[in-house]
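As stored in model03.tsv (TSV, C-alpha atoms):
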```tsv
chain	number	residue	atom	x	y	z
F	236	MET	CA	-72.89	-32.56	37.22
F	237	ARG	CA	-71.42	-32.58	33.72
F	238	LEU	CA	-67.66	-32.34	33.27
F	239	PHE	CA	-65.38	-32.85	30.27
F	240	LEU	CA	-61.73	-32.82	31.35
F	241	ALA	CA	-59.09	-33.28	28.68
F	242	SER	CA	-55.34	-33.08	28.31
F	243	TYR	CA	-55.63	-31.10	25.08
F	244	ARG	CA	-58.79	-29.45	23.80
F	245	PHE	CA	-61.34	-32.10	22.76
F	246	GLY	CA	-58.95	-35.05	22.95
F	247	ALA	CA	-60.35	-37.76	20.71
F	248	PHE	CA	-63.89	-37.22	21.99
F	249	ALA	CA	-65.44	-34.05	20.58
F	250	ASP	CA	-68.57	-36.11	19.95
F	251	ARG	CA	-68.89	-36.98	23.63
F	252	LEU	CA	-68.70	-33.31	24.60
F	253	ALA	CA	-71.43	-32.56	22.07
F	254	GLY	CA	-73.51	-35.26	23.71
F	255	LEU	CA	-73.08	-33.61	27.12
F	256	VAL	CA	-74.09	-30.20	25.85
F	257	GLY	CA	-76.84	-31.11	23.39
F	258	THR	CA	-77.23	-28.52	20.66
F	259	PRO	CA	-74.00	-26.47	20.45
F	260	GLY	CA	-74.57	-22.87	21.49
F	261	ARG	CA	-72.85	-20.06	23.36
F	262	VAL	CA	-69.66	-20.95	25.21
F	263	ALA	CA	-67.91	-18.83	27.83
F	264	VAL	CA	-64.20	-19.19	27.07
F	265	ILE	CA	-62.16	-18.60	30.23
F	266	PRO	CA	-58.55	-17.90	29.20
F	267	ASN	CA	-57.09	-16.78	32.53
F	268	ALA	CA	-54.51	-19.56	32.80
F	269	CYS	CA	-52.59	-17.40	30.28
F	270	ASP	CA	-52.68	-14.19	32.33
F	271	ALA	CA	-48.97	-14.37	33.18
F	272	TRP	CA	-48.12	-14.21	29.47
F	273	PRO	CA	-49.60	-10.94	28.16
F	274	ALA	CA	-47.66	-11.07	24.89
F	275	ALA	CA	-49.18	-14.46	24.04
F	276	TRP	CA	-52.63	-13.93	25.57
F	277	ALA	CA	-54.54	-12.79	22.48
F	278	SER	CA	-53.10	-15.44	20.18
F	279	ALA	CA	-53.74	-18.16	22.77
F	280	VAL	CA	-57.39	-17.14	22.98
F	281	THR	CA	-57.78	-17.02	19.21
F	282	SER	CA	-56.28	-20.49	18.91
F	283	ASP	CA	-59.16	-21.85	21.00
F	284	LEU	CA	-61.98	-19.86	19.45
F	285	LYS	CA	-61.47	-21.28	15.97
F	286	PRO	CA	-61.70	-25.01	16.91
F	287	LEU	CA	-64.83	-24.31	18.94
F	288	GLN	CA	-66.40	-22.50	16.02
F	289	GLN	CA	-65.49	-25.39	13.71
F	290	HIS	CA	-67.47	-27.71	16.01
F	291	GLY	CA	-70.55	-25.49	15.84
F	292	TYR	CA	-70.15	-23.56	19.11
F	293	SER	CA	-70.43	-19.79	19.55
F	294	PRO	CA	-67.48	-18.94	21.80
F	295	GLU	CA	-67.22	-15.66	23.71
F	296	VAL	CA	-64.22	-14.59	25.79
F	297	PHE	CA	-65.11	-14.49	29.48
F	298	ASP	CA	-62.26	-12.81	31.36
F	299	LEU	CA	-62.39	-13.44	35.11
F	300	ARG	CA	-60.37	-10.27	35.69
F	301	ASP	CA	-63.54	-8.35	34.85
F	302	TYR	CA	-65.25	-9.91	37.89
F	303	VAL	CA	-62.77	-9.46	40.73
F	304	ASP	CA	-64.69	-9.33	44.02
F	305	GLN	CA	-68.00	-9.52	42.12
F	306	PRO	CA	-69.21	-13.12	42.57
F	307	ASP	CA	-72.90	-12.22	42.27
F	308	ARG	CA	-72.35	-10.52	38.93
F	309	LEU	CA	-70.17	-13.43	37.85
F	310	GLU	CA	-72.91	-15.93	38.65
F	311	LYS	CA	-75.53	-13.89	36.83
F	312	HIS	CA	-73.47	-13.76	33.65
F	313	LEU	CA	-72.34	-17.40	33.76
F	314	ARG	CA	-75.98	-18.47	33.92
F	315	GLU	CA	-76.37	-17.10	30.40
F	316	PHE	CA	-74.10	-19.85	29.01
F	317	PRO	CA	-74.84	-23.58	28.63
F	318	MET	CA	-71.10	-24.32	28.72
F	319	VAL	CA	-67.79	-22.94	29.93
F	320	TRP	CA	-64.51	-23.77	28.22
F	321	VAL	CA	-61.45	-23.32	30.46
F	322	ARG	CA	-58.24	-23.45	28.47
F	323	GLY	CA	-54.73	-24.47	29.46
F	324	GLY	CA	-51.82	-22.41	30.69
F	325	ASN	CA	-50.54	-22.03	34.25
F	326	THR	CA	-52.79	-23.91	36.68
F	327	PHE	CA	-51.65	-21.81	39.65
F	328	VAL	CA	-52.47	-18.54	37.87
F	329	LEU	CA	-55.86	-19.94	36.89
F	330	ARG	CA	-56.53	-20.99	40.50
F	331	ALA	CA	-55.70	-17.49	41.70
F	332	GLN	CA	-58.05	-15.86	39.20
F	333	PHE	CA	-60.83	-18.24	40.22
F	334	ALA	CA	-60.27	-17.12	43.83
F	335	ARG	CA	-60.19	-13.39	43.04
F	336	SER	CA	-63.45	-13.52	41.08
F	337	GLY	CA	-65.28	-16.00	43.28
F	338	ALA	CA	-65.45	-18.52	40.43
F	339	ASP	CA	-64.05	-21.14	42.81
F	340	SER	CA	-67.37	-21.11	44.67
F	341	VAL	CA	-69.75	-19.92	41.93
F	342	LEU	CA	-68.86	-22.51	39.29
F	343	PRO	CA	-69.00	-25.55	41.62
F	344	ALA	CA	-72.45	-24.41	42.78
F	345	LEU	CA	-73.68	-24.02	39.20
F	346	LEU	CA	-72.27	-27.42	38.28
F	347	ARG	CA	-73.95	-29.14	41.21
F	348	GLU	CA	-77.17	-27.48	40.09
F	349	ASP	CA	-76.45	-28.81	36.57
F	350	ALA	CA	-76.88	-25.29	35.19
F	351	LEU	CA	-74.05	-25.72	32.66
F	352	VAL	CA	-71.28	-27.98	31.35
F	353	TYR	CA	-67.68	-27.50	32.40
F	354	ALA	CA	-65.17	-28.33	29.65
F	355	GLY	CA	-61.54	-27.77	30.54
F	356	TYR	CA	-58.21	-28.94	29.25
F	357	SER	CA	-54.69	-28.99	30.66
F	358	ALA	CA	-54.74	-26.37	33.45
F	359	GLY	CA	-58.51	-26.14	33.08
F	360	ALA	CA	-58.76	-29.85	33.84
F	361	CYS	CA	-56.08	-30.04	36.56
F	362	LEU	CA	-57.86	-27.27	38.50
F	363	LEU	CA	-60.77	-29.59	39.34
F	364	GLY	CA	-58.70	-32.13	41.28
F	365	PRO	CA	-58.27	-32.14	45.06
F	366	ASP	CA	-54.97	-30.24	45.03
F	367	LEU	CA	-52.27	-28.83	42.78
F	368	HIS	CA	-49.25	-30.47	44.37
F	369	GLY	CA	-46.85	-31.93	41.83
F	370	LEU	CA	-47.83	-29.45	39.12
F	371	GLU	CA	-45.07	-27.07	40.18
F	372	THR	CA	-42.65	-29.03	38.00
F	373	MET	CA	-44.69	-28.07	34.93
F	374	ASP	CA	-46.35	-24.77	35.94
F	375	ASP	CA	-44.41	-22.07	37.79
F	376	PRO	CA	-46.10	-20.88	41.01
F	377	ALA	CA	-43.79	-17.83	40.96
F	378	GLU	CA	-45.84	-16.42	38.06
F	379	VAL	CA	-48.91	-16.04	40.28
F	380	LEU	CA	-48.06	-13.01	42.41
F	381	PRO	CA	-46.91	-10.73	39.55
F	382	ALA	CA	-49.90	-11.71	37.40
F	383	THR	CA	-52.65	-11.65	40.03
F	384	GLY	CA	-51.43	-9.78	43.10
F	385	ILE	CA	-52.04	-12.73	45.43
F	386	GLU	CA	-49.97	-15.70	46.59
F	387	PRO	CA	-50.35	-19.15	45.00
F	388	GLN	CA	-53.04	-21.46	46.35
F	389	TRP	CA	-52.42	-25.19	46.40
F	390	ASP	CA	-55.96	-26.52	46.76
F	391	GLY	CA	-57.97	-27.56	43.72
F	392	LEU	CA	-61.72	-27.21	43.38
F	393	GLY	CA	-62.20	-30.82	44.47
F	394	LEU	CA	-64.91	-31.66	41.93
F	395	VAL	CA	-63.10	-34.91	41.12
F	396	ASP	CA	-61.27	-36.95	43.72
F	397	ARG	CA	-58.08	-37.64	41.80
F	398	ARG	CA	-55.22	-35.57	40.50
F	399	LEU	CA	-55.10	-35.16	36.74
F	400	VAL	CA	-51.73	-35.56	35.05
F	401	VAL	CA	-51.90	-34.19	31.51
F	402	HIS	CA	-49.78	-34.25	28.34
F	403	LEU	CA	-48.40	-37.75	28.96
F	404	ASP	CA	-46.10	-38.72	26.07
F	405	SER	CA	-46.99	-35.44	24.35
F	406	PRO	CA	-44.92	-32.99	22.29
F	407	ALA	CA	-46.21	-30.39	24.76
F	408	ASP	CA	-44.04	-32.08	27.43
F	409	PRO	CA	-40.65	-32.64	25.80
F	410	ASP	CA	-38.89	-33.12	29.14
F	411	GLY	CA	-41.22	-35.90	30.31
F	412	GLU	CA	-42.40	-34.06	33.44
F	413	SER	CA	-45.81	-35.71	33.18
F	414	ALA	CA	-44.30	-39.19	33.37
F	415	LYS	CA	-42.26	-38.10	36.40
F	416	MET	CA	-45.40	-36.80	38.10
F	417	VAL	CA	-47.19	-40.09	37.41
F	418	ALA	CA	-44.27	-41.95	38.99
F	419	ARG	CA	-44.45	-39.70	42.07
F	420	CYS	CA	-48.20	-40.20	42.40
F	421	ARG	CA	-47.72	-43.95	42.26
F	422	ALA	CA	-44.84	-43.92	44.73
F	423	GLU	CA	-46.76	-41.73	47.19
F	424	GLY	CA	-50.07	-43.55	46.75
F	425	PHE	CA	-52.04	-40.61	45.33
F	426	PRO	CA	-55.02	-41.58	43.13
F	427	HIS	CA	-54.64	-39.98	39.72
F	428	TRP	CA	-55.54	-40.13	36.05
F	429	ALA	CA	-52.67	-40.03	33.58
F	430	LEU	CA	-53.95	-38.52	30.33
F	431	THR	CA	-52.44	-38.49	26.89
F	432	ASP	CA	-53.59	-35.70	24.61
F	433	ASP	CA	-56.28	-38.05	23.24
F	434	ASP	CA	-57.73	-39.02	26.63
F	435	VAL	CA	-60.65	-37.46	28.52
F	436	VAL	CA	-62.26	-37.79	31.95
F	437	MET	CA	-66.00	-37.28	31.65
F	438	VAL	CA	-68.76	-36.95	34.24
F	439	ASP	CA	-72.39	-37.11	33.18
F	440	GLY	CA	-74.37	-37.09	36.40
F	441	GLY	CA	-72.57	-40.09	37.87
F	442	ARG	CA	-69.06	-41.28	38.58
F	443	PRO	CA	-66.15	-40.10	36.44
F	444	GLN	CA	-65.43	-42.16	33.34
F	445	LEU	CA	-61.96	-42.35	31.80
F	446	LEU	CA	-62.10	-42.33	27.98
F	447	ARG	CA	-58.95	-43.60	26.30
F	448	GLY	CA	-58.27	-42.21	22.84
```
Any chance you could put this one into structure tokens?
Amino acid sequence: MRLFLASYRFGAFADRLAGLVGTPGRVAVIPNACDAWPAAWASAVTSDLKPLQQHGYSPEVFDLRDYVDQPDRLEKHLREFPMVWVRGGNTFVLRAQFARSGADSVLPALLREDALVYAGYSAGACLLGPDLHGLETMDDPAEVLPATGIEPQWDGLGLVDRRLVVHLDSPADPDGESAKMVARCRAEGFPHWALTDDDVVMVDGGRPQLLRG
């Protein structure tokens, strides 16, 4: 299994992602964490395509809403890509879209098969932990039902065994909610990684490795 989980885009380790992938090629960009914000959706996607292109990748938008209740078709198309890039936004909305499309079962199976690399940041990283509890102070679960038609789900994909707390000491978190979540995790004894926008958790066939930027 190959995972690259960041707080913000590449963190300080774009070279390590390149090492996971090998020769940069096609990338399926999954932008569905932004589905509750239709006015900002297109610009959010564009803001990710350009950095990927600058690093030599060929990004293509891969909208999970096009695959609702079609997991077999989803799997077939994902197999065409050596890497998926799952951007930030609302983690609960992203979780719901993974459920509606079947990506919550298809992608873990492909990753265990080592068919592709999963690169995700912010919501795209938090999704892979054991659960989403604590994220409700940063991402609004109430956005899920209007955006997706289903209720919020609180389980993560469980591909890593710790919660990920992102945007620590970041301009993206002016109210310090990340630091508060870290304090709660510590107080309640939940294993977690606290990531600044330079930090990355990487898996390359073995145990997760925390890379400090």
Original post:
So which one's closest to Pro381 (chain F), F:Ala407, F:Ala247, F:Ala271, F:Leu394? Using all atoms listed in the file, please.
Top reply: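 Among the listed residues, F:Ala271 lies closest to Pro381 (chain F).
Residues with any atom within 9 Å of Asp349 (chain F), counting all atoms listed in the file and excluding same-chain neighbours fewer than 6 positions away, are Met236, Arg237 and Gly440 of chain F.
Picture a line from CA of Pro343 (chain F) to CA of Glu412 (chain F); it runs 29.1 Å.
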Expected residue set, 10 Å radius at (-66.1, -22.7, 21.4), all atoms listed in the file, as an mmCIF file with C-alpha atoms, keeping the file's coordinate frame:
```
data_model
loop_
_atom_site.group_PDB
_atom_site.id
_atom_site.type_symbol
_atom_site.label_atom_id
_atom_site.label_comp_id
_atom_site.auth_asym_id
_atom_site.auth_seq_id
_atom_site.Cartn_x
_atom_site.Cartn_y
_atom_site.Cartn_z
ATOM 1 C CA PRO F 259 -74.000 -26.470 20.450
ATOM 2 C CA GLY F 260 -74.570 -22.870 21.490
ATOM 3 C CA ARG F 261 -72.850 -20.060 23.360
ATOM 4 C CA VAL F 262 -69.660 -20.950 25.210
ATOM 5 C CA ALA F 263 -67.910 -18.830 27.830
ATOM 6 C CA VAL F 264 -64.200 -19.190 27.070
ATOM 7 C CA ASP F 283 -59.160 -21.850 21.000
ATOM 8 C CA LEU F 284 -61.980 -19.860 19.450
ATOM 9 C CA LYS F 285 -61.470 -21.280 15.970
ATOM 10 C CA PRO F 286 -61.700 -25.010 16.910
ATOM 11 C CA LEU F 287 -64.830 -24.310 18.940
ATOM 12 C CA GLN F 288 -66.400 -22.500 16.020
ATOM 13 C CA GLN F 289 -65.490 -25.390 13.710
ATOM 14 C CA HIS F 290 -67.470 -27.710 16.010
ATOM 15 C CA GLY F 291 -70.550 -25.490 15.840
ATOM 16 C CA TYR F 292 -70.150 -23.560 19.110
ATOM 17 C CA SER F 293 -70.430 -19.790 19.550
ATOM 18 C CA PRO F 294 -67.480 -18.940 21.800
ATOM 19 C CA GLU F 295 -67.220 -15.660 23.710
ATOM 20 C CA VAL F 296 -64.220 -14.590 25.790
ATOM 21 C CA MET F 318 -71.100 -24.320 28.720
ATOM 22 C CA VAL F 319 -67.790 -22.940 29.930
ATOM 23 C CA TRP F 320 -64.510 -23.770 28.220
#
```
**OP:** Pick out the closest residue to Asp410 (chain F) from this set: F:Glu378, F:Asp301, F:Met373, F:Leu238. Count all atoms listed in the file.
**Re:** F:Met373
Original post:
For the atom pair CA of Gly364 (chain F) and CA of Leu342 (chain F), what is the interatomic distance in Å to one decimal place?
Top reply: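 A separation of 14.1 Å between them.
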**OP:** Please indicate the distance in Å from CA of Ser357 (chain F) to CA of Gly337 (chain F), rounded to one decimal place.
**Re:**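 Result for CA of Ser357 (chain F) versus CA of Gly337 (chain F): 21.0 Å, one decimal.
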Original post:
Pick the closest to Val395 (chain F) from F:Val438, F:Pro376, F:Val417, F:Ala422: which is it, counting all atoms listed in the file?
Top reply: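 Selected residue with least distance to Val395 (chain F): F:Val438.
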Original post:
Taking into account all atoms listed in the file, which residue in the set F:Gly254, F:Gly369, F:Pro273, F:Pro266 is nearest to Ala414 (chain F)?
Top reply: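 For Ala414 (chain F), the nearest of the given residues is F:Gly369.
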Original post:
Please, which residues are within 10 Å of (-63.3, -30.9, 31.6) by the file's coordinates, counting only C-alpha atoms, and could they come as a ChimeraX atom specification?
Top reply: /F:237-242,244-245,252,319-322,352-363,435-438
Original post:
Excluding same-chain residues fewer than 6 positions from Phe333 (chain F), what lies within 12 Å of it counting only C-alpha atoms, as number ranges by chain?
Top reply: F: 265-268, 298-306, 309, 321, 326-327, 339-343, 359, 362-363, 383, 385, 387-388, 390-392
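Distance check against Ala331 (chain F) using all atoms listed in the file: of F:Glu386, F:Asp439, F:Asp374, F:Glu315, the minimum falls on F:Glu386.
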Subject >> Proximity to Phe425 (chain F) - best of F:Ala277, F:Ala338, F:Val256, F:Asp396, only C-alpha atoms >> reply: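 The closest residue to Phe425 (chain F) is F:Asp396.
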Subject >> Exercise: Arg314 (chain F) partners within 9 Å, only C-alpha atoms, chain neighbours under 4 positions left out, as a VMD selection string >> reply: chain F and resid 309 to 310 345 350 to 351
Subject >> Spatial neighbours of Cys269 (chain F), max dist 7 Å, only C-alpha atoms, sep filter under 3 positions, as a PyMOL selection string >> reply: chain F and resi 266+272+276+324-325
